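Beneath this line is the structure, given in structure tokens, with notes to follow.
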Amino acid sequence: RQRMAWALCQIVTIVPSNIDRYDFTEVYTHYYDNCVKHAFGNYLDLLRETSYSPLMAEHLSFLDGKSHQYVYQEEDGRISRADENFAREIMQLFSIGLLLLNDDGTPVFNPETGMPLETYTNEHIEQFARAWTGFRRVQSRGNYEDNDRWDRNRLDPMRIDAAWRDPWPVADLNGGFVGDRFPLCSDLPDQSFLKAGAKYILNGGNPLPTLMTDRSEFADEERFPQLLRLEPNPSSSKLFKALAPDVNGQFAMTVVLEDDIDCDG
């Protein structure tokens, strides 16, 4: 596992000299731990977690990126472009590379020109750069080495600021748009939260979602009870039993339903 993790961290790499904490240790060992965790897993999961890493965002300069719409409307009315650094490197270095390849690793050639086909163009980079806007650090905490009083948390996954994020569709590499294959909320079946695969995350005392920006008034149970209140019957509800603590009174941080559950409310 350690050999695989070491190989992965040489591919999905960060450079301490590009980060304003090159003299610290824990933030880098934590980044390496992500490679250890995903060493025998899915490479997409590693890329996803890496994309939320504040070290990667600082290294490849998409940290605190703002959309053109936000800069133009909310700041000084200037024309701006999203930072293209990570959008380029995640394709060129971390995944598909520069040239389209056959299954045996040989380049695919254009039959008309005889030249190798490129996997992406600069227009694709400009499109994907807009997808990496709005990533910001979460609030700093005091129980790790880099306790920055200026609130520069370099350890925990970043959050997405909806106000800074580019809201418009992003073209993909295949003539469609990023996210085309994902269902809309209106496409989900009724009571999808009771279907197999539904995920429940323990947020503690905070009812608002993590790593997202939501209206703070949504935490007011009296004003928005329909958003927050779920009280399954302990004696008959299969959902209650699925989410209940174990024999030691410990709640699971994440619960994924294995089977469909009938609604008893």
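Identifiers for the structure tokens are assigned positionally: chains receive A, B, ... in sequence, residues are indexed from 1 per chain, and ligands are indexed from 1 in the order shown.
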Compile a residue-level contact table for segment 34-89 of chain A against segment 125-139 of chain A at a cut-off of 9 Å, reporting for every qualifying residue the shortest atom pair and its distance in Å to one decimal, with only C-alpha atoms counted, rows ordered by chain and ascending number, as JSON lines.
```
{"residue": "A:Ser51", "atom": "CA", "partner": "A:Trp132", "partner_atom": "CA", "distance": 8.7}
{"residue": "A:Tyr52", "atom": "CA", "partner": "A:Phe135", "partner_atom": "CA", "distance": 7.7}
{"residue": "A:Ser53", "atom": "CA", "partner": "A:Arg137", "partner_atom": "CA", "distance": 9.0}
{"residue": "A:Pro54", "atom": "CA", "partner": "A:Arg137", "partner_atom": "CA", "distance": 6.4}
{"residue": "A:Ala57", "atom": "CA", "partner": "A:Phe135", "partner_atom": "CA", "distance": 8.0}
{"residue": "A:Phe62", "atom": "CA", "partner": "A:Trp132", "partner_atom": "CA", "distance": 6.5}
{"residue": "A:Leu63", "atom": "CA", "partner": "A:Phe135", "partner_atom": "CA", "distance": 5.8}
{"residue": "A:Asp64", "atom": "CA", "partner": "A:Arg136", "partner_atom": "CA", "distance": 5.1}
{"residue": "A:Gly65", "atom": "CA", "partner": "A:Thr133", "partner_atom": "CA", "distance": 4.6}
{"residue": "A:Lys66", "atom": "CA", "partner": "A:Thr133", "partner_atom": "CA", "distance": 5.3}
{"residue": "A:Ser67", "atom": "CA", "partner": "A:Thr133", "partner_atom": "CA", "distance": 6.0}
{"residue": "A:His68", "atom": "CA", "partner": "A:Arg130", "partner_atom": "CA", "distance": 8.8}
{"residue": "A:Arg81", "atom": "CA", "partner": "A:Arg130", "partner_atom": "CA", "distance": 8.1}
{"residue": "A:Ala82", "atom": "CA", "partner": "A:Ala129", "partner_atom": "CA", "distance": 5.5}
{"residue": "A:Asp83", "atom": "CA", "partner": "A:Ala129", "partner_atom": "CA", "distance": 6.0}
{"residue": "A:Glu84", "atom": "CA", "partner": "A:Ala129", "partner_atom": "CA", "distance": 5.0}
{"residue": "A:Asn85", "atom": "CA", "partner": "A:Ala129", "partner_atom": "CA", "distance": 7.8}
{"residue": "A:Phe86", "atom": "CA", "partner": "A:Ala129", "partner_atom": "CA", "distance": 7.4}
{"residue": "A:Ala87", "atom": "CA", "partner": "A:Ala129", "partner_atom": "CA", "distance": 5.1}
{"residue": "A:Arg88", "atom": "CA", "partner": "A:Ile125", "partner_atom": "CA", "distance": 5.8}
```
**Request:** List every residue of segment 72-119 of chain A that DSSP, applied to the backbone, labels as alpha helix (DSSP H), and write the result as a PyMOL selection string.
**Result:** chain A and resi 85-92
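Using only C-alpha atoms, the protein and nucleic acid residues lying no more than 9 Å from segment 233-244 of chain A, apart from those fewer than 6 places from it along its own chain, are Leu194, Tyr200, Gln250, Phe251, Ala252, Val255, Val256, Leu257, Ile261, Asp262, Cys263, Asp264 and Gly265 of chain A.
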Emit the selected residues as a PDB file, in the first residue's frame, including N, CA and C atoms.
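Dumped to out.pdb:
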```
ATOM      1  N   LEU A 194     -35.522   7.248   0.940  1.00  0.00           N
ATOM      2  CA  LEU A 194     -35.755   5.929   1.527  1.00  0.00           C
ATOM      3  C   LEU A 194     -35.310   4.801   0.601  1.00  0.00           C
ATOM      4  N   TYR A 200     -26.904   9.204   4.434  1.00  0.00           N
ATOM      5  CA  TYR A 200     -27.155  10.092   5.560  1.00  0.00           C
ATOM      6  C   TYR A 200     -25.822  10.413   6.226  1.00  0.00           C
ATOM      7  N   GLN A 250     -22.702   4.882  20.005  1.00  0.00           N
ATOM      8  CA  GLN A 250     -21.985   5.664  19.010  1.00  0.00           C
ATOM      9  C   GLN A 250     -22.771   5.697  17.694  1.00  0.00           C
ATOM     10  N   PHE A 251     -22.958   6.907  17.151  1.00  0.00           N
ATOM     11  CA  PHE A 251     -23.595   7.063  15.855  1.00  0.00           C
ATOM     12  C   PHE A 251     -22.554   6.926  14.740  1.00  0.00           C
ATOM     13  N   ALA A 252     -22.947   6.301  13.645  1.00  0.00           N
ATOM     14  CA  ALA A 252     -22.070   6.233  12.478  1.00  0.00           C
ATOM     15  C   ALA A 252     -22.008   7.600  11.814  1.00  0.00           C
ATOM     16  N   VAL A 255     -24.181   6.807   6.876  1.00  0.00           N
ATOM     17  CA  VAL A 255     -25.007   5.601   6.719  1.00  0.00           C
ATOM     18  C   VAL A 255     -25.553   5.599   5.296  1.00  0.00           C
ATOM     19  N   VAL A 256     -25.336   4.513   4.572  1.00  0.00           N
ATOM     20  CA  VAL A 256     -25.886   4.331   3.227  1.00  0.00           C
ATOM     21  C   VAL A 256     -26.896   3.187   3.293  1.00  0.00           C
ATOM     22  N   LEU A 257     -28.115   3.460   2.885  1.00  0.00           N
ATOM     23  CA  LEU A 257     -29.164   2.426   2.944  1.00  0.00           C
ATOM     24  C   LEU A 257     -28.835   1.319   1.958  1.00  0.00           C
ATOM     25  N   ILE A 261     -36.614   1.229   1.897  1.00  0.00           N
ATOM     26  CA  ILE A 261     -37.342   1.222   3.165  1.00  0.00           C
ATOM     27  C   ILE A 261     -38.745   1.760   2.933  1.00  0.00           C
ATOM     28  N   ASP A 262     -39.723   1.066   3.475  1.00  0.00           N
ATOM     29  CA  ASP A 262     -41.122   1.528   3.346  1.00  0.00           C
ATOM     30  C   ASP A 262     -41.335   2.744   4.231  1.00  0.00           C
ATOM     31  N   CYS A 263     -42.143   3.661   3.735  1.00  0.00           N
ATOM     32  CA  CYS A 263     -42.488   4.859   4.505  1.00  0.00           C
ATOM     33  C   CYS A 263     -43.582   4.514   5.516  1.00  0.00           C
ATOM     34  N   ASP A 264     -43.349   4.856   6.786  1.00  0.00           N
ATOM     35  CA  ASP A 264     -44.329   4.542   7.815  1.00  0.00           C
ATOM     36  C   ASP A 264     -44.950   5.812   8.397  1.00  0.00           C
ATOM     37  N   GLY A 265     -44.737   6.948   7.698  1.00  0.00           N
ATOM     38  CA  GLY A 265     -45.257   8.216   8.211  1.00  0.00           C
ATOM     39  C   GLY A 265     -46.345   8.788   7.338  1.00  0.00           C
TER      40      GLY A 265
END
```
**Message:** So that I can check the surroundings of Asp33 of chain A, please list as a ChimeraX atom specification every protein, DNA and RNA residue that reaches within 12 Å of it, counting only C-alpha atoms and ignoring chain neighbours fewer than 2 positions away.
**Reply:** /A:1-2,4-6,8-9,26-31,35-39,46,49-50,53,155
**Item:** Nearest candidate to Tyr32 of chain A (options A:Ile14, A:Asp20, A:Met115, A:Asp172; using only C-alpha atoms)
**Value:**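 Answer, going by the shortest atom-to-atom distance: A:Ile14.
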**Request:** Identify all residues of segment 28-209 of chain A in strand (DSSP E or B) (DSSP on the backbone) and supply them as number ranges by chain.
**Result:** A: 99, 101, 107, 109, 116, 118, 135-136, 159-160, 171, 177, 199-201
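Here atom CA of Asp260 of chain A stands at a distance of 20.1 Å from atom CA of Leu202 of chain A.
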**Item:** Residue with smallest distance to Gln92 of chain A - pool A:Val178, A:Cys185, A:Ile11, A:Leu55, counting only C-alpha atoms
**Value:**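 Once distances to Gln92 of chain A are computed over only C-alpha atoms, the minimum belongs to A:Ile11.
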**Message:** I'd like the neighbourhood of Leu100 of chain A as an NGL selection string, where a residue qualifies if any of its atoms comes within 10 Å (using only C-alpha atoms), though same-chain residues fewer than 4 positions away should be ignored.
**Reply:** :A and (96 or 105-109 or 116-120)
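Taking only C-alpha atoms into account, Lys199 of chain A lies nearest to A:Asp259 out of the set A:Asp103, A:Asp259, A:Glu58, A:Glu74.
Atom CA of Leu98 of chain A lies 17.5 Å from atom CA of Thr113 of chain A.
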